[in-house]
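Below is the file structure24.txt, which contains compact mmCIF, C-alpha atoms.
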# COMPACT_ATOMS: atom_id res chain seq x y z
CA MET A 1 61.29 122.80 152.01
CA GLN A 2 61.33 123.63 148.30
CA GLY A 3 58.86 122.09 145.89
CA ASN A 4 59.46 120.27 142.61
CA GLY A 5 58.96 123.49 140.64
CA TYR A 6 61.92 125.10 142.36
CA THR A 7 64.15 122.08 141.62
CA ILE A 8 63.20 122.01 137.97
CA GLY A 9 63.66 125.78 137.61
CA PHE A 10 67.06 125.68 139.29
CA ALA A 11 68.26 122.84 137.02
CA ALA A 12 67.00 124.69 133.92
CA ALA A 13 68.78 127.88 134.96
CA ILE A 14 72.07 126.04 135.51
CA THR A 15 71.70 124.33 132.12
CA VAL A 16 71.10 127.63 130.32
CA ILE A 17 74.00 129.37 132.08
CA CYS A 18 76.42 126.51 131.29
CA SER A 19 75.29 126.42 127.67
CA LEU A 20 75.86 130.15 127.27
CA LEU A 21 79.29 129.90 128.84
CA LEU A 22 80.34 127.00 126.60
CA SER A 23 79.00 128.77 123.53
CA GLY A 24 80.91 131.91 124.43
CA VAL A 25 84.17 130.07 125.01
CA SER A 26 83.77 128.13 121.74
CA GLY A 27 83.16 131.35 119.81
CA ALA A 28 86.12 133.09 121.43
CA LEU A 29 88.44 130.17 120.61
CA LYS A 30 87.15 129.54 117.08
CA GLU A 31 89.71 131.79 115.42
CA LYS A 32 92.54 130.27 117.44
CA GLN A 33 91.38 126.74 116.62
CA GLU A 34 91.32 127.51 112.89
CA GLU A 35 94.81 129.02 113.12
CA ASN A 36 96.06 125.86 114.82
CA ARG A 37 94.55 123.71 112.06
CA VAL A 38 96.25 125.82 109.40
CA VAL A 39 99.60 125.65 111.18
CA ASP A 40 99.26 121.88 111.63
CA ARG A 41 98.68 121.41 107.90
CA GLN A 42 101.61 123.67 107.10
CA LYS A 43 103.77 121.50 109.36
CA ASN A 44 102.66 118.39 107.49
CA ILE A 45 103.31 119.94 104.07
CA LEU A 46 106.78 121.05 105.18
CA ALA A 47 107.51 117.64 106.70
CA ALA A 48 106.47 115.86 103.49
CA LEU A 49 108.72 118.19 101.51
CA GLY A 50 111.63 117.47 103.87
CA VAL A 51 111.84 120.98 105.36
CA PRO A 52 113.76 121.86 107.41
CA SER A 53 116.66 119.58 106.49
CA PRO A 54 117.49 116.89 109.06
CA LYS A 55 120.12 118.00 111.55
CA LYS A 56 122.09 116.33 114.30
CA ASP A 57 122.06 117.21 117.96
CA GLY A 58 123.62 115.60 121.00
CA GLU A 59 121.14 112.71 120.97
CA GLY A 60 121.05 111.89 117.25
CA THR A 61 119.43 113.17 114.07
CA LEU A 62 116.38 115.41 114.22
CA SER A 63 113.94 114.80 111.37
CA PRO A 64 111.92 117.64 109.81
CA SER A 65 108.92 116.49 111.89
CA ASP A 66 110.97 116.66 115.10
CA GLN A 67 112.18 120.16 114.34
CA LEU A 68 108.75 121.41 113.32
CA ALA A 69 107.25 120.03 116.53
CA GLU A 70 109.59 122.28 118.51
CA MET A 71 108.71 125.41 116.52
CA GLY A 72 106.09 127.93 117.49
CA ALA A 73 103.20 128.85 115.21
CA LYS A 74 104.88 132.05 114.02
CA GLU A 75 108.10 130.21 113.13
CA VAL A 76 106.21 127.58 111.16
CA GLN A 77 104.20 130.18 109.25
CA ASP A 78 107.31 132.20 108.41
CA LEU A 79 109.17 129.11 107.18
CA PHE A 80 106.18 128.01 105.11
CA ASN A 81 105.78 131.43 103.48
CA GLN A 82 109.50 131.62 102.77
CA ARG A 83 109.96 128.19 101.17
CA VAL A 84 106.56 127.08 99.87
CA ASN A 85 104.44 128.49 97.06
CA ALA A 86 100.76 127.56 97.52
CA GLN A 87 98.98 127.31 94.15
CA VAL A 88 95.84 126.04 92.46
CA ILE A 89 95.87 124.15 89.16
CA ASP A 90 92.95 123.62 86.80
CA LYS A 91 91.85 120.34 85.22
CA SER A 92 94.27 120.86 82.32
CA GLY A 93 97.25 121.21 84.63
CA ASN A 94 97.63 124.97 84.30
CA VAL A 95 98.45 127.09 87.33
CA VAL A 96 95.58 129.48 88.06
CA GLU A 97 97.21 132.85 88.62
CA GLY A 98 96.12 134.75 91.70
CA LYS A 99 94.26 131.79 93.22
CA ALA A 100 95.37 130.01 96.40
CA PRO A 101 94.16 126.78 98.07
CA THR A 102 92.45 128.94 100.70
CA ASP A 103 90.15 130.19 97.93
CA LEU A 104 88.83 126.65 97.35
CA PRO A 105 86.08 124.98 99.38
CA ALA A 106 87.68 123.38 102.43
CA LYS A 107 87.00 119.78 101.36
CA VAL A 108 88.34 120.42 97.85
CA ALA A 109 91.48 122.10 99.17
CA SER A 110 92.14 119.15 101.50
CA GLY A 111 91.63 116.60 98.72
CA GLU A 112 88.64 115.05 100.49
CA GLU A 113 86.48 115.97 97.50
CA TYR A 114 87.69 115.91 93.90
CA ASN A 115 86.20 118.60 91.66
CA PRO A 116 88.52 119.41 88.72
CA GLU A 117 86.20 122.23 87.66
CA LEU A 118 87.07 124.12 90.85
CA GLY A 119 90.78 123.27 90.83
CA GLN A 120 93.24 121.39 93.02
CA ALA A 121 95.74 122.49 95.63
CA LEU A 122 99.44 122.19 94.82
CA TYR A 123 102.45 123.24 96.90
CA SER A 124 105.89 123.81 95.40
CA LEU A 125 109.10 123.86 97.41
CA LYS A 126 111.39 126.70 96.40
CA SER A 127 115.15 126.56 96.71
CA GLU A 128 116.64 128.91 99.29
CA SER A 129 117.53 131.30 96.47
CA GLY A 130 113.94 131.12 95.23
CA ASN A 131 115.01 130.42 91.66
CA ASP A 132 114.30 126.70 91.44
CA VAL A 133 111.52 124.28 92.37
CA LEU A 134 112.90 121.33 94.31
CA ALA A 135 109.69 119.34 94.88
CA TYR A 136 105.90 119.44 94.79
CA ALA A 137 103.37 118.35 97.42
CA TYR A 138 99.65 117.72 97.06
CA PRO A 139 96.85 116.41 99.30
CA VAL A 140 95.98 112.72 99.28
CA THR A 141 93.19 110.80 101.00
CA GLY A 142 92.36 107.13 101.44
CA LYS A 143 90.05 104.82 103.34
CA GLY A 144 91.47 103.10 106.40
CA LEU A 145 89.78 100.63 108.74
CA TRP A 146 87.83 103.16 110.80
CA SER A 147 88.33 106.48 109.07
CA THR A 148 89.45 108.53 106.11
CA LEU A 149 93.19 109.15 106.00
CA TYR A 150 94.23 112.72 105.22
CA GLY A 151 97.77 113.57 104.26
CA TYR A 152 100.24 115.08 101.81
CA LEU A 153 102.45 113.36 99.27
CA ALA A 154 105.60 115.12 98.06
CA VAL A 155 107.40 114.18 94.85
CA LYS A 156 110.36 115.45 92.89
CA PRO A 157 109.68 117.71 89.87
CA ASP A 158 109.46 114.61 87.67
CA GLY A 159 106.24 113.65 89.49
CA ASN A 160 107.64 110.16 90.01
CA GLU A 161 110.15 109.83 92.85
CA ILE A 162 108.67 110.31 96.31
CA VAL A 163 110.26 112.90 98.58
CA GLY A 164 108.03 112.34 101.61
CA LEU A 165 104.60 111.45 102.97
CA SER A 166 102.72 112.81 105.98
CA PHE A 167 99.31 112.28 107.59
CA TYR A 168 97.61 115.04 109.57
CA LYS A 169 94.24 113.44 110.36
CA HIS A 170 92.85 109.93 110.79
CA GLY A 171 90.94 107.76 113.27
CA GLU A 172 92.89 104.51 113.06
CA THR A 173 93.63 102.24 116.02
CA PRO A 174 96.47 103.51 118.25
CA GLY A 175 99.49 101.22 118.05
CA LEU A 176 98.19 99.54 114.89
CA GLY A 177 96.79 101.51 111.95
CA ALA A 178 97.74 104.78 113.64
CA ASN A 179 101.36 103.88 112.93
CA ILE A 180 100.93 105.47 109.50
CA GLU A 181 101.92 108.76 111.14
CA GLN A 182 105.12 107.35 112.63
CA PRO A 183 108.42 108.39 110.99
CA TRP A 184 109.60 104.77 110.65
CA PHE A 185 106.59 104.01 108.44
CA ARG A 186 106.50 107.24 106.45
CA ASP A 187 110.25 107.16 105.77
CA ASN A 188 109.80 103.85 103.93
CA PHE A 189 108.24 105.79 101.03
CA VAL A 190 111.15 108.18 100.49
CA GLY A 191 112.93 107.32 97.25
CA LYS A 192 110.17 104.98 96.00
CA GLU A 193 108.63 105.56 92.58
CA LEU A 194 105.02 105.96 91.47
CA TYR A 195 105.49 104.99 87.81
CA LYS A 196 106.84 101.94 86.06
CA GLY A 197 107.30 102.00 82.31
CA GLY A 198 105.25 105.19 82.09
CA LYS A 199 102.26 103.67 83.90
CA LEU A 200 101.08 104.64 87.36
CA VAL A 201 101.52 101.62 89.64
CA GLY A 202 101.95 103.43 92.96
CA VAL A 203 103.58 101.98 96.04
CA LYS A 204 102.16 98.91 97.76
CA VAL A 205 102.11 98.40 101.53
CA VAL A 206 102.74 94.66 101.73
CA LYS A 207 102.17 92.10 104.47
CA GLY A 208 105.48 91.55 106.18
CA LYS A 209 108.73 92.70 104.58
CA ALA A 210 108.95 94.02 101.05
CA ALA A 211 112.22 92.16 100.56
CA ASP A 212 110.48 88.82 101.25
CA GLN A 213 107.76 89.23 98.60
CA ALA A 214 107.53 86.97 95.57
CA ALA A 215 107.95 89.78 93.05
CA PRO A 216 110.57 91.07 90.60
CA ALA A 217 113.50 92.81 92.24
CA ASP A 218 112.69 96.21 90.75
CA MET A 219 109.12 96.02 92.08
CA LYS A 220 110.30 95.20 95.59
CA GLU A 221 112.92 97.93 95.49
CA ASN A 222 110.91 100.73 93.90
CA HIS A 223 107.22 100.02 94.47
CA MET A 224 106.81 98.19 97.80
CA VAL A 225 107.23 99.09 101.48
CA ASP A 226 107.11 97.04 104.67
CA GLY A 227 103.66 96.60 106.17
CA MET A 228 102.37 97.30 109.67
CA SER A 229 101.67 94.35 111.91
CA GLY A 230 97.94 94.03 112.69
CA ALA A 231 96.94 96.87 110.32
CA THR A 232 96.39 95.19 106.95
CA ILE A 233 93.23 97.13 106.07
CA THR A 234 94.84 100.47 106.87
CA GLY A 235 97.82 99.47 104.74
CA ASN A 236 95.48 98.54 101.89
CA GLY A 237 93.94 102.00 102.12
CA VAL A 238 97.35 103.61 101.79
CA THR A 239 98.11 101.35 98.81
CA LYS A 240 94.94 102.35 96.95
CA MET A 241 95.63 105.98 97.76
CA MET A 242 99.07 105.72 96.15
CA GLU A 243 97.62 103.91 93.12
CA THR A 244 94.94 106.48 92.32
CA LYS A 245 95.44 109.97 93.75
CA PRO A 246 98.62 110.89 91.79
CA LYS A 247 96.63 110.47 88.56
CA ARG A 248 94.81 113.71 89.37
CA TYR A 249 98.06 115.63 88.96
CA GLU A 250 99.34 113.97 85.79
CA PRO A 251 98.16 116.86 83.54
CA PHE A 252 100.28 119.28 85.57
CA PHE A 253 103.46 117.23 85.38
CA GLU A 254 102.88 116.65 81.68
CA LYS A 255 102.40 120.39 81.26
CA VAL A 256 105.68 121.30 82.94
CA GLY A 257 107.43 118.65 80.86
CA SER A 258 108.77 116.57 83.71
CA ALA A 259 106.28 113.71 83.88
CA PRO A 260 107.52 110.14 83.29
CA ALA A 261 107.31 109.08 79.66
CA LYS A 262 104.12 107.28 78.79
CA ALA A 263 104.34 103.60 77.92
CA ALA A 264 104.49 103.08 74.15
CA ASP A 265 101.89 101.09 72.21
CA PRO A 266 99.45 100.35 75.06
CA THR A 267 97.42 97.19 74.84
CA PRO A 268 93.64 97.62 74.53
CA ALA A 269 93.26 96.91 78.24
CA ASP A 270 95.63 99.77 79.08
CA ALA A 271 94.40 102.29 76.52
CA PRO A 272 92.87 105.50 77.91
CA ALA A 273 89.22 106.23 77.45
CA PRO A 274 88.24 108.22 74.36
CA GLY A 275 88.48 111.95 74.90
CA GLY A 276 91.12 111.92 77.64
CA GLU A 277 92.28 110.10 80.72
CA PRO A 278 89.95 107.70 82.53
CA ALA A 279 87.32 109.20 84.77
CA GLU A 280 88.23 109.24 88.44
CA ASP A 281 85.94 108.81 91.36
CA GLY A 282 84.66 111.92 93.05
CA ALA A 283 84.51 110.26 96.46
CA ASP A 284 86.89 107.98 98.28
CA ASP A 285 84.37 105.11 98.30
CA GLY A 286 85.17 104.45 94.65
CA ASP A 287 88.91 104.17 95.06
CA ALA A 288 88.99 100.41 94.81
CA ALA A 289 87.30 100.50 91.43
CA ALA A 290 89.56 103.33 90.29
CA ALA A 291 92.63 101.36 91.30
CA ASP A 292 91.57 98.27 89.36
CA ASP A 293 89.85 99.79 86.34
CA ALA A 294 91.25 103.30 85.97
CA ASP A 295 92.82 102.54 82.61
CA ILE A 296 89.98 100.48 81.10
CA PRO A 297 87.12 102.31 79.37
CA ASP A 298 83.68 101.19 80.55
CA GLY A 299 82.10 98.69 78.18
CA ASP A 300 85.23 98.19 76.08
CA ASP A 301 87.07 95.54 78.07
CA GLU A 302 85.21 92.59 76.56
CA ALA A 303 85.54 94.04 73.09
CA ALA A 304 89.29 94.34 73.63
CA ALA A 305 89.37 90.67 74.61
CA ASP A 306 87.67 89.25 71.52
CA ASP A 307 88.42 92.09 69.05
CA THR A 308 85.02 91.83 67.37
CA GLN A 309 83.72 95.38 67.82
CA ASN A 310 85.10 96.78 64.55
CA PRO A 311 84.50 94.92 61.25
CA PRO A 312 87.73 93.77 59.59
CA PRO A 313 88.68 95.23 56.20
CA ASN A 314 87.66 93.78 52.83
CA GLY A 315 84.79 91.79 54.28
CA ALA A 316 87.10 89.30 56.01
CA ALA A 317 85.69 87.33 58.91
CA PRO A 318 86.49 88.46 62.45
CA PRO A 319 89.55 86.72 63.87
CA THR A 320 87.51 84.77 66.42
CA GLN A 321 85.08 83.36 63.87
CA THR A 322 85.51 80.55 61.31
CA PRO A 323 84.62 81.56 57.72
CA PRO A 324 81.59 79.61 56.43
CA ALA A 325 82.33 76.82 53.98
CA GLN A 326 81.72 77.74 50.32
CA PRO A 327 79.45 75.43 48.25
CA ALA A 328 81.25 73.39 45.62
CA ALA A 329 80.88 74.54 42.01
CA PRO A 330 78.62 72.26 39.91
CA ALA A 331 80.23 70.08 37.28
CA GLY A 332 80.47 71.47 33.83
CA GLY A 333 80.88 75.13 34.51
CA THR A 334 80.26 78.12 36.62
CA PRO A 335 76.83 78.34 38.30
Would you write out, as structure tokens, the structure that this file holds?
Amino acid sequence: MQGNGYTIGFAAAITVICSLLLSGVSGALKEKQEENRVVDRQKNILAALGVPSPKKDGEGTLSPSDQLAEMGAKEVQDLFNQRVNAQVIDKSGNVVEGKAPTDLPAKVASGEEYNPELGQALYSLKSESGNDVLAYAYPVTGKGLWSTLYGYLAVKPDGNEIVGLSFYKHGETPGLGANIEQPWFRDNFVGKELYKGGKLVGVKVVKGKAADQAAPADMKENHMVDGMSGATITGNGVTKMMETKPKRYEPFFEKVGSAPAKAADPTPADAPAPGGEPAEDGADDGDAAAADDADIPDGDDEAAADDTQNPPPNGAAPPTQTPPAQPAAPAGGTP
């Protein structure tokens, strides 16, 4: 009969052997796992850009996502390299020659972290002839109920009209918030617009049907989509994502001359901060503030309300103050 020492030694040996085997398998599969992640993101970029074009088969219409799901890794990579130009733009909206998203830190390339000093990933869809750009896609992230939502938003060259939206990673509840990855939800965004009157308003995921909302007709038609039952918080995360993340790419679309015209004569509450566009959050936790206050310079909102920061010309009293009464001149002449 074996003693306790033997039992403990045997268990330790089994533990060490299993750990070594698992470590070896993980190392051997690491390269393959990374390749699968790259291919999956390429599929999502292509799907957002609407590539390949929908086609019909005996059972109906196959969406780009359906067709990509049936392709092997080599086919996806070849299609991506043929139709998509992966670029990096700097904070001024200029394309950085010779630099690709793979040269950026992983979290910056995926849009999880925003660092304009390092650059941002941008993907352009080339026509089949290669002479024209049909659309652009860029990474977007937002906060859902349980997780961060990672995806790609594709827009036409004007930076305004949405071509497609895809999500490649999230941890939302299956059957509820996880429906953001379903074609019936994502297709609602196609044809919607990000700008209204030159101002970024995004696209709102509403409760219920967009058509039933108490809002102007153009807002319901161009800037709202139907919500997901039982997934209000996830929908709110998508809304804030659409209200804030496109602002990062405004310098690029302004640079290429296709951005929507800016609204004329902004009110003080809408005016950009001195020295450039409003600062944007570096982490997703600040998205709510960015969505509400992105166009209002810190510390200037109250001044804009009462207009008392700058002294009026010619010594006149500020508009919100009553001029003091002047003493009456004494009888018989000037004092």
**Study point:** segment 66-80 of chain A environment, 8 Å, all atoms listed in the file, sequence neighbours closer than 6 positions dropped, as a list in words
**Key:**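 Selected residues are Asn36, Val39, Gln42, Lys43, Leu46, Ala47 and Pro52 of chain A.
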For C-alpha atoms, I'd like the residues from the last selection saved as a PDB file, keeping the file's coordinate frame.
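This is the output file selection19.pdb:
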ATOM      1  CA  ASN A  36      96.060 125.860 114.820  1.00  0.00           C
ATOM      2  CA  VAL A  39      99.600 125.650 111.180  1.00  0.00           C
ATOM      3  CA  GLN A  42     101.610 123.670 107.100  1.00  0.00           C
ATOM      4  CA  LYS A  43     103.770 121.500 109.360  1.00  0.00           C
ATOM      5  CA  LEU A  46     106.780 121.050 105.180  1.00  0.00           C
ATOM      6  CA  ALA A  47     107.510 117.640 106.700  1.00  0.00           C
ATOM      7  CA  PRO A  52     113.760 121.860 107.410  1.00  0.00           C
TER       8      PRO A  52
END
Counting all atoms listed in the file, closest pick from A:Leu176, A:Leu21, A:Ile89, A:Val84 relative to Phe253 of chain A is A:Ile89
What separates atom CA of Gly3 of chain A and atom CA of Leu22 of chain A is a distance of 29.3 Å
With all atoms listed in the file as the atoms that count, which of A:Val205, A:Met228, A:Val190, A:Ala135 lies nearest to Leu122 of chain A?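 Using all atoms listed in the file, Leu122 of chain A sits closest to A:Ala135.
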Straight-line distance linking atom CA of Gly93 of chain A with atom CA of Pro116 of chain A, stated in Å to one decimal: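 So the answer is 9.8 Å.
The two atoms in question, atom CA of Ala210 of chain A and atom CA of Gly175 of chain A, are spaced 20.7 Å apart.
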